[in-house]
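Q: Would you mind keeping the following structure in view while I ask a few things?
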Amino acid sequence: MTPFTKLTSKSVILEQADIDTDQIIPARFLTTTESAGLGDKAFYDWRRGENGALRDNHVLNHVNTATHQILVAGPNFGCGSSREHAPWALLDFGFRVVISSDIADIFTSNALKNGLLPVQVPADIHAQLLDKPGLSITVDLENEQLSADGISCHFTIERFARRCLLDGVDPLGALLAQREAISRFEIAQIRAES
């Protein structure tokens, strides 16, 4: 996983409320345990017609993810069923950050474990961001600060998840990095019990 410290990128707007995980990645694409290639399936039913061809009129079909890596979405983003495939699809599509006034808890947990930063902001900040597609936004994870063209706010990420993102590891990777300290502790415990 790539470490996340600070990102400045333009925003893509999906202002719909209650975007659920089945809209992010339809259930029929959950047949894989690999994240590679899921970006093509992200928002599949919104981006493609019945024949599978890309719709000219959908904003996501015109996104340059080299310059637009921040998704600003409507409230209650990521609701619905628990599926790691949702953050996998968004990451593989090219997004590194999702911003909303309300992000579902299970989606947040899955996103953080997979390197996608979910940022919850106050409703007034959210409304300002939704009104400015393509706005250049800076998300500073180290200082938990979002800023853009006169807009600024603090956000909070759970401490362990924040540390993992900054270090570029998932929770298992963070624990495995402590193997030597765990071994020393176990040896000390065995000696103390002898």
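In the structure tokens, chains take the letters A, B, ... in the order shown, each chain's residues start at 1, and ligands count up from 1 in the order shown.
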Just the residues within 10 Å of Glu142 in chain A, please, counting only C-alpha atoms, with nothing from its chain fewer than 3 positions along; format it as a CSV table (one decimal) with C-alpha atoms, in the first residue's frame.

A:
```csv
chain,number,residue,atom,x,y,z
A,4,PHE,CA,-0.6,8.6,2.4
A,5,THR,CA,0.6,11.8,3.9
A,6,LYS,CA,-0.8,14.7,1.9
A,139,VAL,CA,-6.0,16.8,2.2
A,145,GLN,CA,-6.6,19.3,7.7
A,157,ILE,CA,-9.2,9.8,11.5
A,162,ARG,CA,-4.2,7.1,10.6
A,163,ARG,CA,-0.8,5.6,11.6
A,165,LEU,CA,-2.1,5.1,6.2
A,166,LEU,CA,0.8,7.3,7.0
```

Q: Among range 17-193 of chain A, which residues carry a DSSP assignment of helix (DSSP H, G or I), reported as JSON, numbers by chain?

A: {"A": [21, 22, 23, 24, 27, 28, 29, 38, 39, 40, 41, 44, 45, 46, 47, 59, 60, 61, 62, 85, 86, 87, 88, 89, 90, 91, 92, 93, 105, 106, 107, 108, 109, 110, 111, 112, 113, 114, 123, 124, 125, 126, 127, 128, 129, 130, 159, 160, 161, 162, 163, 164, 165, 166, 167, 171, 172, 173, 174, 175, 176, 179, 180, 181, 182, 183, 184, 185, 186, 187, 188, 189, 190, 191, 192, 193]}

Q: Please, could you write that set of residues out with C-alpha atoms as an mmCIF file, in the first residue's frame?

A:
```
data_model
loop_
_atom_site.group_PDB
_atom_site.id
_atom_site.type_symbol
_atom_site.label_atom_id
_atom_site.label_comp_id
_atom_site.auth_asym_id
_atom_site.auth_seq_id
_atom_site.Cartn_x
_atom_site.Cartn_y
_atom_site.Cartn_z
ATOM 1 C CA THR A 21 -21.987 -0.115 -1.977
ATOM 2 C CA ASP A 22 -24.056 -1.898 -4.632
ATOM 3 C CA GLN A 23 -24.018 1.279 -6.710
ATOM 4 C CA ILE A 24 -20.272 1.658 -6.141
ATOM 5 C CA ALA A 27 -22.924 -7.449 -6.522
ATOM 6 C CA ARG A 28 -22.460 -9.387 -9.773
ATOM 7 C CA PHE A 29 -18.794 -8.270 -9.783
ATOM 8 C CA LEU A 38 -12.332 -3.502 -10.276
ATOM 9 C CA GLY A 39 -11.951 0.166 -11.220
ATOM 10 C CA ASP A 40 -13.553 -0.635 -14.562
ATOM 11 C CA LYS A 41 -16.593 -1.946 -12.650
ATOM 12 C CA TYR A 44 -20.842 0.286 -13.607
ATOM 13 C CA ASP A 45 -24.610 0.717 -13.921
ATOM 14 C CA TRP A 46 -24.289 4.505 -13.831
ATOM 15 C CA ARG A 47 -21.384 4.680 -16.271
ATOM 16 C CA VAL A 59 -19.026 12.600 -15.286
ATOM 17 C CA LEU A 60 -16.961 9.558 -14.284
ATOM 18 C CA ASN A 61 -16.442 8.674 -17.933
ATOM 19 C CA HIS A 62 -14.547 11.936 -18.431
ATOM 20 C CA HIS A 85 -14.778 -4.500 -3.064
ATOM 21 C CA ALA A 86 -16.273 -0.973 -2.813
ATOM 22 C CA PRO A 87 -13.068 0.757 -1.657
ATOM 23 C CA TRP A 88 -11.053 -1.580 -3.904
ATOM 24 C CA ALA A 89 -13.088 -0.404 -6.927
ATOM 25 C CA LEU A 90 -12.689 3.273 -6.014
ATOM 26 C CA LEU A 91 -8.943 2.896 -5.504
ATOM 27 C CA ASP A 92 -8.491 0.936 -8.716
ATOM 28 C CA PHE A 93 -10.522 3.605 -10.538
ATOM 29 C CA ASP A 105 -19.162 3.239 9.358
ATOM 30 C CA ILE A 106 -18.509 -0.129 7.700
ATOM 31 C CA PHE A 107 -17.435 1.527 4.456
ATOM 32 C CA THR A 108 -15.118 3.795 6.477
ATOM 33 C CA SER A 109 -13.525 0.803 8.188
ATOM 34 C CA ASN A 110 -13.029 -1.069 4.905
ATOM 35 C CA ALA A 111 -11.668 2.036 3.179
ATOM 36 C CA LEU A 112 -9.108 2.751 5.901
ATOM 37 C CA LYS A 113 -7.848 -0.850 5.880
ATOM 38 C CA ASN A 114 -7.260 -0.658 2.126
ATOM 39 C CA ALA A 123 -22.388 20.040 6.359
ATOM 40 C CA ASP A 124 -21.543 23.665 5.507
ATOM 41 C CA ILE A 125 -18.052 22.738 4.234
ATOM 42 C CA HIS A 126 -19.543 19.795 2.354
ATOM 43 C CA ALA A 127 -22.061 22.082 0.615
ATOM 44 C CA GLN A 128 -19.267 24.425 -0.476
ATOM 45 C CA LEU A 129 -17.216 21.529 -1.897
ATOM 46 C CA LEU A 130 -20.238 20.117 -3.767
ATOM 47 C CA ARG A 159 -5.441 6.909 15.495
ATOM 48 C CA PHE A 160 -4.387 3.376 14.500
ATOM 49 C CA ALA A 161 -5.916 3.680 11.009
ATOM 50 C CA ARG A 162 -4.199 7.061 10.567
ATOM 51 C CA ARG A 163 -0.822 5.582 11.553
ATOM 52 C CA CYS A 164 -1.313 2.681 9.113
ATOM 53 C CA LEU A 165 -2.141 5.052 6.246
ATOM 54 C CA LEU A 166 0.832 7.298 7.020
ATOM 55 C CA ASP A 167 3.123 4.244 7.112
ATOM 56 C CA PRO A 171 -3.474 -3.456 10.095
ATOM 57 C CA LEU A 172 -1.777 -6.847 9.633
ATOM 58 C CA GLY A 173 1.319 -5.164 8.212
ATOM 59 C CA ALA A 174 1.434 -2.847 11.230
ATOM 60 C CA LEU A 175 1.321 -5.828 13.591
ATOM 61 C CA LEU A 176 3.922 -7.792 11.621
ATOM 62 C CA ARG A 179 7.342 -8.997 15.406
ATOM 63 C CA GLU A 180 10.668 -8.438 17.167
ATOM 64 C CA ALA A 181 9.063 -6.522 20.043
ATOM 65 C CA ILE A 182 6.379 -9.220 20.364
ATOM 66 C CA SER A 183 9.044 -11.958 20.445
ATOM 67 C CA ARG A 184 11.031 -10.084 23.110
ATOM 68 C CA PHE A 185 7.875 -9.685 25.201
ATOM 69 C CA GLU A 186 6.995 -13.380 24.852
ATOM 70 C CA ILE A 187 10.515 -14.451 25.838
ATOM 71 C CA ALA A 188 10.393 -12.136 28.860
ATOM 72 C CA GLN A 189 7.023 -13.604 29.856
ATOM 73 C CA ILE A 190 8.330 -17.173 29.591
ATOM 74 C CA ARG A 191 11.377 -16.289 31.718
ATOM 75 C CA ALA A 192 9.192 -14.562 34.308
ATOM 76 C CA GLU A 193 6.988 -17.645 34.566
#
```

Q: Set the distance at 7 Å and use only C-alpha atoms: which residues neighbour range 148-153 of chain A once local chain neighbours fewer than 3 positions away are removed? I'd like the list as number ranges by chain.

A: A: 136-138, 145

Q: Please give the complete set of residues from range 6-178 of chain A that DSSP, run on the backbone, assigns to strand (DSSP E or B), formatted as a PyMOL selection string.

A: chain A and resi 6-14+20+48+54+70-73+77+79+97-100+103+117-120+136-140+145-148+151-154

Q: Name the closest residue to Ala73 in chain A among the candidates A:Leu135, A:Ile13, A:Val121, A:Ala42; distances are taken between atoms, counting only C-alpha atoms.

A: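 Of all the options, A:Ile13 lies closest to Ala73 in chain A.
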
Q: May I ask which of the residues A:Asp170, A:Glu158, A:Asp18, A:Glu144 is the closest one to Asp102 in chain A, counting only C-alpha atoms?

A: A:Asp18

Q: So the first atom is CA of Glu50 in chain A and the second is CA of Arg83 in chain A; what is the distance between them in Å, to one decimal place?

A: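 Atom-to-atom, CA of Glu50 in chain A to CA of Arg83 in chain A, that is 24.3 Å.
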
Q: From the list A:Glu84, A:Val119, A:Val72, A:Pro3, which residue is nearest Leu30 in chain A when using only C-alpha atoms?

A: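 Ranked by minimum distance to Leu30 in chain A, first place goes to A:Glu84.
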
Q: Enter the distance from CA of Gly168 in chain A to CA of Cys79 in chain A, in Å, rounded to one decimal.

A: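 Taking CA of Gly168 in chain A as the start and CA of Cys79 in chain A as the end point, the length is 25.8 Å.
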
Q: Choose the residue, out of A:Gly94, A:Pro122, A:Gly80, A:Pro26, that has the smallest atom-to-atom separation from Val12 in chain A; count only C-alpha atoms.

A: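 Checking each of A:Gly94, A:Pro122, A:Gly80, A:Pro26 against Val12 in chain A, counting only C-alpha atoms, the winner is A:Gly94.
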